[in-house]
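Participant: One structure follows; several queries about it will come next.
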Amino acid sequence: MQIELKTSLKALEKAKKLGPKGVLKRLDKMGVVGRGGASFPTGRKWKIALETSSDEKFVICNADEGEPGTFKDKLIIKKNAETMIEGILIAAYTIGAKRCFIYLRGEYDHLRIELETKIKEIIKKSGLAVTIEIIRGAGAYICGEETSIIQSIMGNRGHAMYKPPYPPVEGLWGKPTIVNNVETLTGVSQSILFDDWDSSLRLFSLSGNVENPGVYEFPLGVKMSKILDVVRSKNKIKAVSFGCFGGFMKIKKNMEITHENICKEGCQHGAFSMIFIDETHNIVDVSYTIAKFYTYESCGKCTPCREGTIRLLERIKQVKEGKATKKDLELLKEFAEHVQETSLCGLGQSAGNYILTGLKHFKSDYLEYLK
Amino acid sequence: MDKILINVLKEVQDNDGYISEKAMKNISVKYNVPLAKLYGVATFYAMFKIEKQGEHIIEICGSPSCMLNNGQKIEDFLEKELKIEVGKTTKNKKFSLYKTSCIGCCDEAPAMLMDGKPYTNLTIEKIKKILKKY
Ligand code: SF4
Ligand code: FES
C-alpha cells in the first residue's frame with residue numbers, strides 16, 4: 001500500500017530546501033487534500049496559518065478517528081507512525097510552529113507508549129527545536145471535530161465552536177493552528193518526497209457482514225463490485241452505511257465510488273468507512289444502534305441536537321416496537337430534517353442522515369415494522 | 001508551558017480508577033482551575049469516572065459493525081455472567097461494565113476494551129476465558 005511507504009526524514013530535508021512557500025506549492029501541485037472527510041486542500045489551510053502573523057503557532061495531528069467503522073488511522077499509527085510524525089514536523093517547519101500535539105483517542109491509548117518512543121527518536125534525528133506532545137483523549141466522539149479538539153486541549157469541555165474564526169487564523173489559545181489528521185499528514189511527507197505519489201488513492205475501512213474486513217487502499221472511482229469481490233460475504237449484501245453519519249446506500253455493483261456518485265444517493269462518504277449490511281438485517285435495527293450512538297455522543301451544547309437526537313431515538317424505537325403508523329414515518333422524516341437544519345456542528349447536521357437515507361432507499365424495511 | 005488538563009485528569013483516572021472529589025480539589029488548587037469547571041470537564045468525557053469503579057473496567061462496543069456481528073449477544077452474556085446491568089459494578093467490586101461507541105476494532109468485531117486493552121473477535125467461550133484471567 002502507498003500509505004506504508006516510509007520517507008525516513010528525507011521529505012523533511014526536501015521541505016527545508018523548498019522553503020515554506022515551496023512546500024505549499026508542492027502540496028497544491030500533488031493534490032494533497034484533507035482525509036478526514038472535508039477534502040479541503042492542505043496547502044491552502046497551511047497558507048492561511050503561514051500568512052497570519054503571531055508570536056506562536058501550533059500544529060495538531062488529529063488521531064481521534066471516532067467515526068464508527070473507521071480504523072485506518074490505527075493502521076497507520078501501527079505501521080508508519082514515523083512518516084506521520086515527519087508530516088507533523090514538515091507542518092511545523094512550514095508555518096513556523098514550535099509546539100505540536102497528537103490528539104490520540106482514548107481507545108488507542110494502548111498505542112501510546114510506542115508512539116512516544118518514536119516521537120522522541122524522530123525529533124532527535126531531525127534536529128528541529130520542536131516538541132510533540134500526546135494528548136490523551138478520554139472518549140468523546142465530538143473531539144474528532146477540529147474546534148472541539150482545540151477546546152479539549154485548552155482544558156475545556158470538548159464542545160464544538162462556531163466557525164469562523166477558523167483555526168488557521170485563531171485556534172489554540174487564540175493563535176494560528178492547523179489541524180490535520182493522521183492520513184493527511186502521512187500523505188504530506190510522501191507527496192513531498194515521491195514524485196509518483198498518487199493523490200487518488202484512499203484508505204477504506206471495510207467492516208460489517210463481510211468475511212474479509214480490514215483496511216484497503218483503492219483509487220477514487222473504484223467500482224463497488226471490486227470492493228465486494230475483496231470483502232466477500234456469506235449472505236447477499238443489501239446496504240452500506242458510511243460510518244454512522246453518512247447514511248445508508250443501496251448496493252449498485254456498477255457504481256463508481258466517487259464523491260459525486262455518493263452525494264447523488266443522499267449520502268456522505270466521509271473517511272470512506274463502509275459498513276456492509278446483509279439481507280438478514282433490517283435497516284430499522286441498524287438505525288436504532290445509530291440513534292443510540294447519536295444521543296450518547298451529542299456534546300449537548302445546542303438544543304436541536306441535544307434534544308433532537310433523543311427524540312429521534314424514541315421515534316426509531318417506536319417503529320422497531322411495531323407501534324408506528326405511516327403518518328409517524330412522515331413525522332420522523334420531518335423531524336430528522338429539522339434536527340439537521342438547525343444544529344450547530346457537523347454532528348447534529350448529520351444526525352438525521354441515517355433516517356432520511358433509510359426511508360428513501362429502504363422504505364420496505366420500515367413498512368415491515370409498521371403496526 | 002501550559003499544563004494539559006485532560007492529561008492530568010487521565011493520569012488520576014489511571015492511578016486511582018476514578019477522579020475523586022479530593023483529587024479534583026487538589027488539581028483545582030495546583031493548576032488554578034475553578035472546581036466547577038473541573039467538574040464540568042471531568043464529566044464530559046466517557047472515560048472519566050467520578051465515582052469509585054470496580055477493579056477492572058469493561059467497555060463493550062455498541063456501534064454498528066459489532067452489533068451486526070453478534071455484539072448484542074456478547075453484551076447480554078456479560079450482563080448475565082457478571083449479574084449486573086451495563087453501567088453498574090459487580091458486588092465484589094471486581095468489574096464495572098460499560099457500553100461504548102466504536103473502539104476502532106470493527107474489522108475484528110465484536111470487540112471490547114478491558115482496562116483499555118482491546119479484546120476482539122469475541123465469542124462467549126472467549127469471554128469466559130478472559131474473565132477468568134482477571
Ligand atoms: S450539533 Fe450536537 S455535537 Fe454539535 S455543537 Fe450542537 S449539541 Fe454539540
Ligand atoms: S463498531 Fe465495534 S469496534 Fe468499531
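Convention: chains lettered A, B, ... in C-alpha cells order; per-chain residue numbering from 1; ligands numbered from 1 as shown.
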Within stretch 17-115 of chain B, find each residue whose DSSP state, derived from the backbone, is strand (DSSP E or B), and express the selection as a VMD selection string.

Facilitator: chain B and resid 56 to 61 89 95 to 100 112 to 114

Participant: I need the residues from that last selection saved to file as a PDB file, in the first residue's frame (with N, CA and C atoms), if you can.

Facilitator:
ATOM      1  N   HIS B  56     -11.629  -3.636  37.588  1.00  0.00           N
ATOM      2  CA  HIS B  56     -11.419  -3.636  36.140  1.00  0.00           C
ATOM      3  C   HIS B  56     -12.614  -3.019  35.436  1.00  0.00           C
ATOM      4  N   ILE B  57     -12.309  -2.236  34.406  1.00  0.00           N
ATOM      5  CA  ILE B  57     -13.388  -1.609  33.654  1.00  0.00           C
ATOM      6  C   ILE B  57     -13.525  -2.277  32.292  1.00  0.00           C
ATOM      7  N   ILE B  58     -14.726  -2.797  32.046  1.00  0.00           N
ATOM      8  CA  ILE B  58     -15.010  -3.416  30.748  1.00  0.00           C
ATOM      9  C   ILE B  58     -15.849  -2.443  29.937  1.00  0.00           C
ATOM     10  N   GLU B  59     -15.391  -2.153  28.727  1.00  0.00           N
ATOM     11  CA  GLU B  59     -16.173  -1.296  27.840  1.00  0.00           C
ATOM     12  C   GLU B  59     -16.481  -2.078  26.575  1.00  0.00           C
ATOM     13  N   ILE B  60     -17.752  -2.365  26.400  1.00  0.00           N
ATOM     14  CA  ILE B  60     -18.120  -3.173  25.258  1.00  0.00           C
ATOM     15  C   ILE B  60     -18.661  -2.282  24.140  1.00  0.00           C
ATOM     16  N   CYS B  61     -18.238  -2.563  22.919  1.00  0.00           N
ATOM     17  CA  CYS B  61     -18.608  -1.696  21.797  1.00  0.00           C
ATOM     18  C   CYS B  61     -20.063  -1.906  21.407  1.00  0.00           C
ATOM     19  N   THR B  89     -21.455  -1.848  38.720  1.00  0.00           N
ATOM     20  CA  THR B  89     -20.261  -2.549  39.203  1.00  0.00           C
ATOM     21  C   THR B  89     -20.686  -3.815  39.944  1.00  0.00           C
ATOM     22  N   PHE B  95     -15.571  -5.929  38.708  1.00  0.00           N
ATOM     23  CA  PHE B  95     -15.755  -5.408  37.359  1.00  0.00           C
ATOM     24  C   PHE B  95     -16.807  -4.303  37.305  1.00  0.00           C
ATOM     25  N   SER B  96     -16.530  -3.288  36.487  1.00  0.00           N
ATOM     26  CA  SER B  96     -17.566  -2.334  36.098  1.00  0.00           C
ATOM     27  C   SER B  96     -17.792  -2.521  34.609  1.00  0.00           C
ATOM     28  N   LEU B  97     -19.067  -2.516  34.226  1.00  0.00           N
ATOM     29  CA  LEU B  97     -19.414  -2.817  32.832  1.00  0.00           C
ATOM     30  C   LEU B  97     -20.007  -1.583  32.144  1.00  0.00           C
ATOM     31  N   TYR B  98     -19.435  -1.209  31.020  1.00  0.00           N
ATOM     32  CA  TYR B  98     -19.957  -0.072  30.263  1.00  0.00           C
ATOM     33  C   TYR B  98     -20.108  -0.426  28.806  1.00  0.00           C
ATOM     34  N   LYS B  99     -20.990   0.345  28.165  1.00  0.00           N
ATOM     35  CA  LYS B  99     -21.119   0.222  26.729  1.00  0.00           C
ATOM     36  C   LYS B  99     -20.454   1.467  26.149  1.00  0.00           C
ATOM     37  N   THR B 100     -19.748   1.312  25.045  1.00  0.00           N
ATOM     38  CA  THR B 100     -19.032   2.452  24.491  1.00  0.00           C
ATOM     39  C   THR B 100     -19.298   2.563  22.991  1.00  0.00           C
ATOM     40  N   MET B 112     -14.229  -5.428  22.628  1.00  0.00           N
ATOM     41  CA  MET B 112     -14.394  -4.669  23.865  1.00  0.00           C
ATOM     42  C   MET B 112     -13.020  -4.260  24.393  1.00  0.00           C
ATOM     43  N   LEU B 113     -13.028  -3.323  25.315  1.00  0.00           N
ATOM     44  CA  LEU B 113     -11.795  -2.947  25.992  1.00  0.00           C
ATOM     45  C   LEU B 113     -11.887  -3.416  27.432  1.00  0.00           C
ATOM     46  N   MET B 114     -10.790  -3.991  27.921  1.00  0.00           N
ATOM     47  CA  MET B 114     -10.715  -4.321  29.349  1.00  0.00           C
ATOM     48  C   MET B 114      -9.555  -3.494  29.885  1.00  0.00           C
TER      49      MET B 114
END

Participant: Report as a ChimeraX atom specification which protein, DNA and RNA residues come within 9 Å of ligand 1, using only C-alpha atoms and all ligand atoms.

Facilitator: /A:141-142,148,158-162,294,297-307,309,339-340,342-351

Participant: Can you write just those residues out, N, CA, C and O atoms, as a CSV table (one decimal), in the first residue's frame?

Facilitator:
chain,number,residue,atom,x,y,z
A,141,TYR,N,-16.6,11.4,21.0
A,141,TYR,CA,-16.6,11.4,19.5
A,141,TYR,C,-16.4,12.8,19.0
A,141,TYR,O,-15.7,13.0,18.0
A,142,ILE,N,-17.1,13.7,19.6
A,142,ILE,CA,-17.1,15.1,19.1
A,142,ILE,C,-15.6,15.7,19.0
A,142,ILE,O,-15.4,16.6,18.2
A,148,SER,N,-13.5,21.3,18.5
A,148,SER,CA,-13.6,20.5,19.8
A,148,SER,C,-12.3,20.1,20.3
A,148,SER,O,-12.0,20.1,21.5
A,158,GLY,N,-15.1,19.5,25.6
A,158,GLY,CA,-14.8,19.4,24.2
A,158,GLY,C,-16.0,19.8,23.3
A,158,GLY,O,-16.4,19.1,22.4
A,159,HIS,N,-16.5,21.0,23.5
A,159,HIS,CA,-17.7,21.5,22.7
A,159,HIS,C,-17.2,22.0,21.4
A,159,HIS,O,-16.1,22.6,21.3
A,160,ALA,N,-18.0,21.8,20.4
A,160,ALA,CA,-17.7,22.4,19.1
A,160,ALA,C,-18.0,23.9,19.1
A,160,ALA,O,-18.9,24.3,19.9
A,161,MET,N,-17.2,24.6,18.4
A,161,MET,CA,-17.4,26.1,18.3
A,161,MET,C,-17.9,26.5,17.0
A,161,MET,O,-17.6,25.9,16.0
A,162,TYR,N,-18.5,27.7,17.0
A,162,TYR,CA,-19.0,28.2,15.8
A,162,TYR,C,-17.8,28.7,14.9
A,162,TYR,O,-16.8,29.3,15.5
A,294,TYR,N,-25.9,8.5,18.5
A,294,TYR,CA,-26.0,10.0,18.5
A,294,TYR,C,-26.4,10.6,19.8
A,294,TYR,O,-25.9,11.6,20.2
A,297,GLU,N,-23.4,10.6,22.0
A,297,GLU,CA,-22.2,11.4,21.6
A,297,GLU,C,-22.5,12.9,21.3
A,297,GLU,O,-21.6,13.7,21.2
A,298,SER,N,-23.8,13.3,21.3
A,298,SER,CA,-24.1,14.7,21.2
A,298,SER,C,-23.4,15.5,22.3
A,298,SER,O,-23.5,15.0,23.5
A,299,CYS,N,-22.7,16.5,22.0
A,299,CYS,CA,-22.0,17.2,23.1
A,299,CYS,C,-22.9,18.0,24.0
A,299,CYS,O,-22.4,18.4,25.1
A,300,GLY,N,-24.1,18.3,23.6
A,300,GLY,CA,-25.0,18.9,24.5
A,300,GLY,C,-25.0,20.4,24.4
A,300,GLY,O,-25.8,21.1,25.2
A,301,LYS,N,-24.2,21.0,23.5
A,301,LYS,CA,-24.1,22.4,23.5
A,301,LYS,C,-25.4,23.1,22.9
A,301,LYS,O,-25.9,24.1,23.4
A,302,CYS,N,-25.9,22.5,21.9
A,302,CYS,CA,-27.1,23.2,21.3
A,302,CYS,C,-28.4,22.3,21.3
A,302,CYS,O,-28.3,21.1,21.2
A,303,THR,N,-29.5,22.9,21.5
A,303,THR,CA,-30.7,22.2,21.8
A,303,THR,C,-31.2,21.3,20.7
A,303,THR,O,-31.6,20.1,21.0
A,304,PRO,N,-31.2,21.7,19.4
A,304,PRO,CA,-31.8,20.8,18.4
A,304,PRO,C,-31.1,19.4,18.4
A,304,PRO,O,-31.7,18.4,18.1
A,305,CYS,N,-29.8,19.4,18.6
A,305,CYS,CA,-29.1,18.2,18.6
A,305,CYS,C,-29.2,17.4,19.9
A,305,CYS,O,-29.5,16.2,19.9
A,306,ARG,N,-29.0,18.1,21.0
A,306,ARG,CA,-29.1,17.5,22.3
A,306,ARG,C,-30.4,16.8,22.5
A,306,ARG,O,-30.5,15.7,22.9
A,307,GLU,N,-31.5,17.6,22.3
A,307,GLU,CA,-32.8,17.1,22.5
A,307,GLU,C,-33.3,16.2,21.3
A,307,GLU,O,-34.0,15.2,21.4
A,309,THR,N,-31.7,14.4,19.1
A,309,THR,CA,-31.2,13.1,18.9
A,309,THR,C,-32.0,12.1,19.9
A,309,THR,O,-32.2,11.0,19.5
A,339,VAL,N,-33.7,18.6,12.7
A,339,VAL,CA,-32.5,18.5,13.5
A,339,VAL,C,-31.3,18.9,12.7
A,339,VAL,O,-30.5,19.6,13.1
A,340,GLN,N,-31.3,18.4,11.5
A,340,GLN,CA,-30.1,18.6,10.6
A,340,GLN,C,-30.0,20.1,10.3
A,340,GLN,O,-28.9,20.7,10.3
A,342,THR,N,-31.0,22.7,11.9
A,342,THR,CA,-30.9,23.7,13.0
A,342,THR,C,-29.7,23.4,14.0
A,342,THR,O,-29.5,24.2,14.9
A,343,SER,N,-29.0,22.4,13.7
A,343,SER,CA,-27.9,22.1,14.6
A,343,SER,C,-26.6,22.9,14.3
A,343,SER,O,-26.4,23.3,13.2
A,344,LEU,N,-25.8,23.0,15.3
A,344,LEU,CA,-24.6,23.9,15.1
A,344,LEU,C,-23.5,23.3,14.3
A,344,LEU,O,-22.9,23.9,13.5
A,345,CYS,N,-23.1,22.0,14.7
A,345,CYS,CA,-21.9,21.5,14.1
A,345,CYS,C,-22.2,20.2,13.2
A,345,CYS,O,-23.4,19.8,13.2
A,346,GLY,N,-21.2,19.7,12.6
A,346,GLY,CA,-21.4,18.5,11.8
A,346,GLY,C,-22.1,17.4,12.4
A,346,GLY,O,-22.8,16.6,11.7
A,347,LEU,N,-21.9,17.2,13.7
A,347,LEU,CA,-22.6,16.0,14.3
A,347,LEU,C,-24.1,16.1,14.2
A,347,LEU,O,-24.7,15.3,13.7
A,348,GLY,N,-24.6,17.2,14.7
A,348,GLY,CA,-26.1,17.4,14.6
A,348,GLY,C,-26.5,17.6,13.2
A,348,GLY,O,-27.6,17.1,12.8
A,349,GLN,N,-25.7,18.1,12.3
A,349,GLN,CA,-26.1,18.4,10.9
A,349,GLN,C,-26.1,17.0,10.1
A,349,GLN,O,-26.6,17.0,9.0
A,350,SER,N,-25.6,16.0,10.7
A,350,SER,CA,-25.7,14.7,10.0
A,350,SER,C,-26.5,13.7,10.8
A,350,SER,O,-26.7,12.6,10.4
A,351,ALA,N,-27.1,14.2,11.9
A,351,ALA,CA,-27.7,13.2,12.8
A,351,ALA,C,-29.1,12.6,12.3
A,351,ALA,O,-29.7,11.8,13.0

Participant: Set the distance at 8 Å and use only C-alpha atoms: which residues neighbour A:Thr94 once local chain neighbours fewer than 3 positions away are removed? I'd like the list as a ChimeraX atom specification.

Facilitator: /A:19-21,23,46,50,90-91,97

Participant: Let me have all residues with an atom within 7 Å of ligand 2, counting only C-alpha atoms and all ligand atoms, laid out as a list in words.

Facilitator: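 Those residues are Pro68, Gly69 and Thr70 of chain A; Cys61, Gly62, Ser63, Pro64, Ser65, Cys66, Cys102, Ile103, Gly104, Cys105, Cys106, Ala109, Pro110 and Ala111 of chain B.
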
Participant: Please produce an output containing all heavy atoms for each residue in the selection, written as an mmCIF file, in the first residue's frame.

Facilitator:
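The result, written out as result-v2.cif:
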data_model
loop_
_atom_site.group_PDB
_atom_site.id
_atom_site.type_symbol
_atom_site.label_atom_id
_atom_site.label_comp_id
_atom_site.auth_asym_id
_atom_site.auth_seq_id
_atom_site.Cartn_x
_atom_site.Cartn_y
_atom_site.Cartn_z
ATOM 1 N N PRO A 68 -17.749 5.539 13.872
ATOM 2 C CA PRO A 68 -17.888 4.084 13.893
ATOM 3 C C PRO A 68 -17.597 3.484 12.524
ATOM 4 O O PRO A 68 -18.002 4.011 11.498
ATOM 5 C CB PRO A 68 -19.342 3.887 14.297
ATOM 6 C CG PRO A 68 -19.615 5.063 15.174
ATOM 7 C CD PRO A 68 -18.875 6.192 14.530
ATOM 8 N N GLY A 69 -16.855 2.405 12.531
ATOM 9 C CA GLY A 69 -16.489 1.756 11.278
ATOM 10 C C GLY A 69 -15.168 2.248 10.728
ATOM 11 O O GLY A 69 -14.757 1.840 9.647
ATOM 12 N N THR A 70 -14.482 3.111 11.453
ATOM 13 C CA THR A 70 -13.215 3.674 10.965
ATOM 14 C C THR A 70 -12.049 3.140 11.780
ATOM 15 O O THR A 70 -12.066 3.215 13.003
ATOM 16 C CB THR A 70 -13.238 5.210 11.087
ATOM 17 O OG1 THR A 70 -14.478 5.696 10.600
ATOM 18 C CG2 THR A 70 -12.104 5.834 10.283
ATOM 19 N N CYS B 61 -18.238 -2.563 22.919
ATOM 20 C CA CYS B 61 -18.608 -1.696 21.797
ATOM 21 C C CYS B 61 -20.063 -1.906 21.407
ATOM 22 O O CYS B 61 -20.515 -3.038 21.240
ATOM 23 C CB CYS B 61 -17.712 -1.964 20.597
ATOM 24 S SG CYS B 61 -18.263 -1.057 19.138
ATOM 25 N N GLY B 62 -20.774 -0.792 21.267
ATOM 26 C CA GLY B 62 -22.185 -0.869 20.886
ATOM 27 C C GLY B 62 -22.457 -0.256 19.527
ATOM 28 O O GLY B 62 -23.574 0.117 19.223
ATOM 29 N N SER B 63 -21.414 -0.122 18.704
ATOM 30 C CA SER B 63 -21.588 0.513 17.393
ATOM 31 C C SER B 63 -21.903 -0.524 16.306
ATOM 32 O O SER B 63 -21.770 -1.724 16.536
ATOM 33 C CB SER B 63 -20.350 1.348 17.062
ATOM 34 O OG SER B 63 -20.385 2.531 17.835
ATOM 35 N N PRO B 64 -22.329 -0.059 15.113
ATOM 36 C CA PRO B 64 -22.925 -0.964 14.128
ATOM 37 C C PRO B 64 -22.109 -2.202 13.749
ATOM 38 O O PRO B 64 -22.672 -3.301 13.715
ATOM 39 C CB PRO B 64 -23.134 -0.065 12.908
ATOM 40 C CG PRO B 64 -23.320 1.281 13.466
ATOM 41 C CD PRO B 64 -22.429 1.352 14.668
ATOM 42 N N SER B 65 -20.809 -2.059 13.464
ATOM 43 C CA SER B 65 -20.087 -3.248 12.976
ATOM 44 C C SER B 65 -20.108 -4.353 14.020
ATOM 45 O O SER B 65 -20.208 -5.538 13.683
ATOM 46 C CB SER B 65 -18.645 -2.904 12.620
ATOM 47 O OG SER B 65 -18.628 -1.849 11.720
ATOM 48 N N CYS B 66 -19.999 -3.988 15.294
ATOM 49 C CA CYS B 66 -20.056 -5.004 16.343
ATOM 50 C C CYS B 66 -21.466 -5.547 16.491
ATOM 51 O O CYS B 66 -21.667 -6.747 16.670
ATOM 52 C CB CYS B 66 -19.549 -4.429 17.664
ATOM 53 S SG CYS B 66 -17.763 -4.212 17.663
ATOM 54 N N CYS B 102 -17.799 2.980 19.081
ATOM 55 C CA CYS B 102 -16.760 2.255 18.333
ATOM 56 C C CYS B 102 -15.353 2.441 18.904
ATOM 57 O O CYS B 102 -14.921 3.551 19.183
ATOM 58 C CB CYS B 102 -16.794 2.715 16.895
ATOM 59 S SG CYS B 102 -15.550 1.986 15.848
ATOM 60 N N ILE B 103 -14.651 1.323 19.072
ATOM 61 C CA ILE B 103 -13.290 1.392 19.602
ATOM 62 C C ILE B 103 -12.250 1.133 18.515
ATOM 63 O O ILE B 103 -11.082 0.888 18.799
ATOM 64 C CB ILE B 103 -13.097 0.404 20.785
ATOM 65 C CG1 ILE B 103 -13.439 -1.028 20.355
ATOM 66 C CG2 ILE B 103 -13.950 0.820 21.975
ATOM 67 C CD1 ILE B 103 -13.118 -2.073 21.427
ATOM 68 N N GLY B 104 -12.679 1.169 17.265
ATOM 69 C CA GLY B 104 -11.742 1.052 16.148
ATOM 70 C C GLY B 104 -11.235 -0.356 15.908
ATOM 71 O O GLY B 104 -10.159 -0.544 15.357
ATOM 72 N N CYS B 105 -12.019 -1.341 16.329
ATOM 73 C CA CYS B 105 -11.646 -2.741 16.076
ATOM 74 C C CYS B 105 -12.721 -3.397 15.224
ATOM 75 O O CYS B 105 -12.974 -4.596 15.336
ATOM 76 C CB CYS B 105 -11.495 -3.519 17.377
ATOM 77 S SG CYS B 105 -10.222 -2.882 18.462
ATOM 78 N N CYS B 106 -13.362 -2.609 14.378
ATOM 79 C CA CYS B 106 -14.533 -3.078 13.640
ATOM 80 C C CYS B 106 -14.215 -4.244 12.716
ATOM 81 O O CYS B 106 -15.099 -4.998 12.343
ATOM 82 C CB CYS B 106 -15.138 -1.952 12.826
ATOM 83 S SG CYS B 106 -14.798 -0.326 13.495
ATOM 84 N N ALA B 109 -14.717 -7.541 14.846
ATOM 85 C CA ALA B 109 -15.921 -7.426 15.657
ATOM 86 C C ALA B 109 -16.461 -8.800 16.045
ATOM 87 O O ALA B 109 -16.262 -9.751 15.292
ATOM 88 C CB ALA B 109 -16.977 -6.662 14.871
ATOM 89 N N PRO B 110 -17.141 -8.900 17.184
ATOM 90 C CA PRO B 110 -17.359 -7.854 18.186
ATOM 91 C C PRO B 110 -16.140 -7.666 19.085
ATOM 92 O O PRO B 110 -15.343 -8.577 19.244
ATOM 93 C CB PRO B 110 -18.553 -8.389 18.982
ATOM 94 C CG PRO B 110 -18.502 -9.856 18.830
ATOM 95 C CD PRO B 110 -17.868 -10.138 17.508
ATOM 96 N N ALA B 111 -16.059 -6.472 19.662
ATOM 97 C CA ALA B 111 -14.849 -6.133 20.413
ATOM 98 C C ALA B 111 -15.181 -5.402 21.704
ATOM 99 O O ALA B 111 -16.265 -4.834 21.852
ATOM 100 C CB ALA B 111 -13.944 -5.264 19.549
#

Participant: List the neighbours of A:Ile88 out to 8 Å using only C-alpha atoms; skip same-chain residues closer than 6 positions along the sequence, and give me the result as a PyMOL selection string.

Facilitator: chain A and resi 59-61+100+185

Participant: Counting only C-alpha atoms, which residue out of A:Thr186, A:Ser273, A:Asn254, A:Asn156 sits closest to A:Leu206?

Facilitator: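 Smallest distance to A:Leu206 is found for A:Ser273.
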
Participant: One number please: atom CA of A:Gly246 to atom CA of A:Ile275, in Å, one decimal.

Facilitator: 10.5 Å

Participant: Report the distance between atom CA of B:Tyr45 and atom CA of B:Ser28 in Å, rounded to one decimal place.

Facilitator: 17.9 Å

Participant: Show me, as a list of chain:residue names, the residues of chain A whose atoms get within 7 Å of chain B, using only C-alpha atoms for the distance check.

Facilitator: A:Gly66, A:Pro68, A:Gly69, A:Thr70, A:Phe71, A:Glu107, A:Asp109, A:His110, A:Ile135, A:Arg136, A:Ala138, A:Gly139, A:Ala140, A:Ile153, A:Met154, A:Gly155, A:Asn156, A:Arg157, A:Ser207, A:Gly208, A:Asn209, A:Pro213, A:Gly214, A:Ile275, A:Val286, A:Thr289, A:Ile290, A:Phe293

Participant: Could you find all residues in stretch 94-131 of chain B that DSSP calls helix (DSSP H, G or I) from the backbone, and write them as a list of chain:residue names?

Facilitator: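 Going through stretch 94-131 of chain B, the helix (DSSP H, G or I) residues come out as B:Cys106, B:Asp107, B:Glu108, B:Ile124, B:Glu125, B:Lys126, B:Ile127, B:Lys128, B:Lys129, B:Ile130, B:Leu131.
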
Participant: Keeping only all heavy atoms, write the selected residues as a short mmCIF file (atom, residue, chain, number, x, y, z; two decimals), in the first residue's frame.

Facilitator:
data_model
loop_
_atom_site.label_atom_id
_atom_site.label_comp_id
_atom_site.auth_asym_id
_atom_site.auth_seq_id
_atom_site.Cartn_x
_atom_site.Cartn_y
_atom_site.Cartn_z
N CYS B 106 -13.36 -2.61 14.38
CA CYS B 106 -14.53 -3.08 13.64
C CYS B 106 -14.21 -4.24 12.72
O CYS B 106 -15.10 -5.00 12.34
CB CYS B 106 -15.14 -1.95 12.83
SG CYS B 106 -14.80 -0.33 13.49
N ASP B 107 -12.95 -4.37 12.32
CA ASP B 107 -12.58 -5.49 11.46
C ASP B 107 -12.36 -6.76 12.27
O ASP B 107 -12.07 -7.81 11.72
CB ASP B 107 -11.34 -5.16 10.61
CG ASP B 107 -10.17 -4.67 11.45
OD1 ASP B 107 -10.40 -4.27 12.61
OD2 ASP B 107 -9.03 -4.67 10.96
N GLU B 108 -12.47 -6.64 13.58
CA GLU B 108 -12.36 -7.83 14.44
C GLU B 108 -13.55 -7.86 15.39
O GLU B 108 -13.41 -8.13 16.58
CB GLU B 108 -11.06 -7.78 15.24
CG GLU B 108 -9.81 -7.69 14.39
CD GLU B 108 -8.59 -7.36 15.23
OE1 GLU B 108 -8.34 -6.16 15.50
OE2 GLU B 108 -7.90 -8.30 15.65
N ILE B 124 -18.65 -16.21 23.22
CA ILE B 124 -18.97 -16.44 24.62
C ILE B 124 -17.85 -17.24 25.30
O ILE B 124 -17.43 -16.94 26.41
CB ILE B 124 -20.35 -17.11 24.73
CG1 ILE B 124 -21.38 -16.04 24.37
CG2 ILE B 124 -20.59 -17.68 26.13
CD1 ILE B 124 -22.80 -16.42 24.40
N GLU B 125 -17.34 -18.23 24.58
CA GLU B 125 -16.22 -19.02 25.11
C GLU B 125 -15.03 -18.12 25.46
O GLU B 125 -14.41 -18.24 26.52
CB GLU B 125 -15.76 -20.06 24.07
CG GLU B 125 -16.70 -21.25 23.92
CD GLU B 125 -17.14 -21.80 25.26
OE1 GLU B 125 -16.24 -22.13 26.06
OE2 GLU B 125 -18.36 -21.88 25.53
N LYS B 126 -14.73 -17.23 24.54
CA LYS B 126 -13.58 -16.35 24.71
C LYS B 126 -13.76 -15.44 25.93
O LYS B 126 -12.84 -15.24 26.72
CB LYS B 126 -13.41 -15.49 23.44
CG LYS B 126 -11.96 -15.30 23.05
CD LYS B 126 -11.87 -14.75 21.64
CE LYS B 126 -10.49 -14.15 21.42
NZ LYS B 126 -10.36 -13.59 20.08
N ILE B 127 -14.98 -14.93 26.07
CA ILE B 127 -15.25 -14.05 27.20
C ILE B 127 -15.05 -14.79 28.52
O ILE B 127 -14.48 -14.27 29.47
CB ILE B 127 -16.71 -13.53 27.16
CG1 ILE B 127 -16.88 -12.69 25.91
CG2 ILE B 127 -17.07 -12.77 28.41
CD1 ILE B 127 -17.12 -11.26 26.13
N LYS B 128 -15.53 -16.04 28.55
CA LYS B 128 -15.39 -16.82 29.78
C LYS B 128 -13.92 -16.91 30.16
O LYS B 128 -13.56 -16.73 31.32
CB LYS B 128 -15.94 -18.24 29.56
CG LYS B 128 -17.45 -18.33 29.65
CD LYS B 128 -17.88 -19.79 29.57
CE LYS B 128 -19.38 -19.89 29.38
NZ LYS B 128 -19.79 -21.20 28.87
N LYS B 129 -13.07 -17.18 29.17
CA LYS B 129 -11.63 -17.30 29.43
C LYS B 129 -11.05 -15.97 29.91
O LYS B 129 -10.26 -15.93 30.85
CB LYS B 129 -10.92 -17.73 28.14
CG LYS B 129 -10.84 -19.22 27.98
CD LYS B 129 -9.83 -19.60 26.88
CE LYS B 129 -10.21 -20.94 26.29
NZ LYS B 129 -10.01 -21.00 24.85
N ILE B 130 -11.45 -14.91 29.25
CA ILE B 130 -10.91 -13.59 29.61
C ILE B 130 -11.27 -13.25 31.05
O ILE B 130 -10.43 -12.81 31.84
CB ILE B 130 -11.45 -12.49 28.66
CG1 ILE B 130 -10.97 -12.75 27.23
CG2 ILE B 130 -11.01 -11.09 29.12
CD1 ILE B 130 -11.69 -11.94 26.18
N LEU B 131 -12.53 -13.48 31.41
CA LEU B 131 -12.97 -13.14 32.76
C LEU B 131 -12.18 -13.93 33.81
O LEU B 131 -11.85 -13.40 34.88
CB LEU B 131 -14.46 -13.41 32.93
CG LEU B 131 -15.40 -12.46 32.18
CD1 LEU B 131 -16.86 -12.83 32.44
CD2 LEU B 131 -15.16 -11.00 32.57
#

Participant: Can you pull out the residues contacting A:Ile123? Cut-off 12 Å, using only C-alpha atoms, and skip same-chain residues under 3 positions away; I want them as a list of chain:residue names.

Facilitator: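 Contacts, with the query itself left out: A:Ser8, A:Leu9, A:Leu12, A:Glu82, A:Ile85, A:Glu86, A:Gly87, A:Ile88, A:Leu89, A:Ile90, A:Ala92, A:Lys98, A:Cys100, A:Glu116, A:Thr117, A:Lys118, A:Ile119, A:Lys120, A:Ser126, A:Gly127, A:Leu128, A:Ala129, A:Val130, A:Thr131, A:Ile132, A:Glu133.
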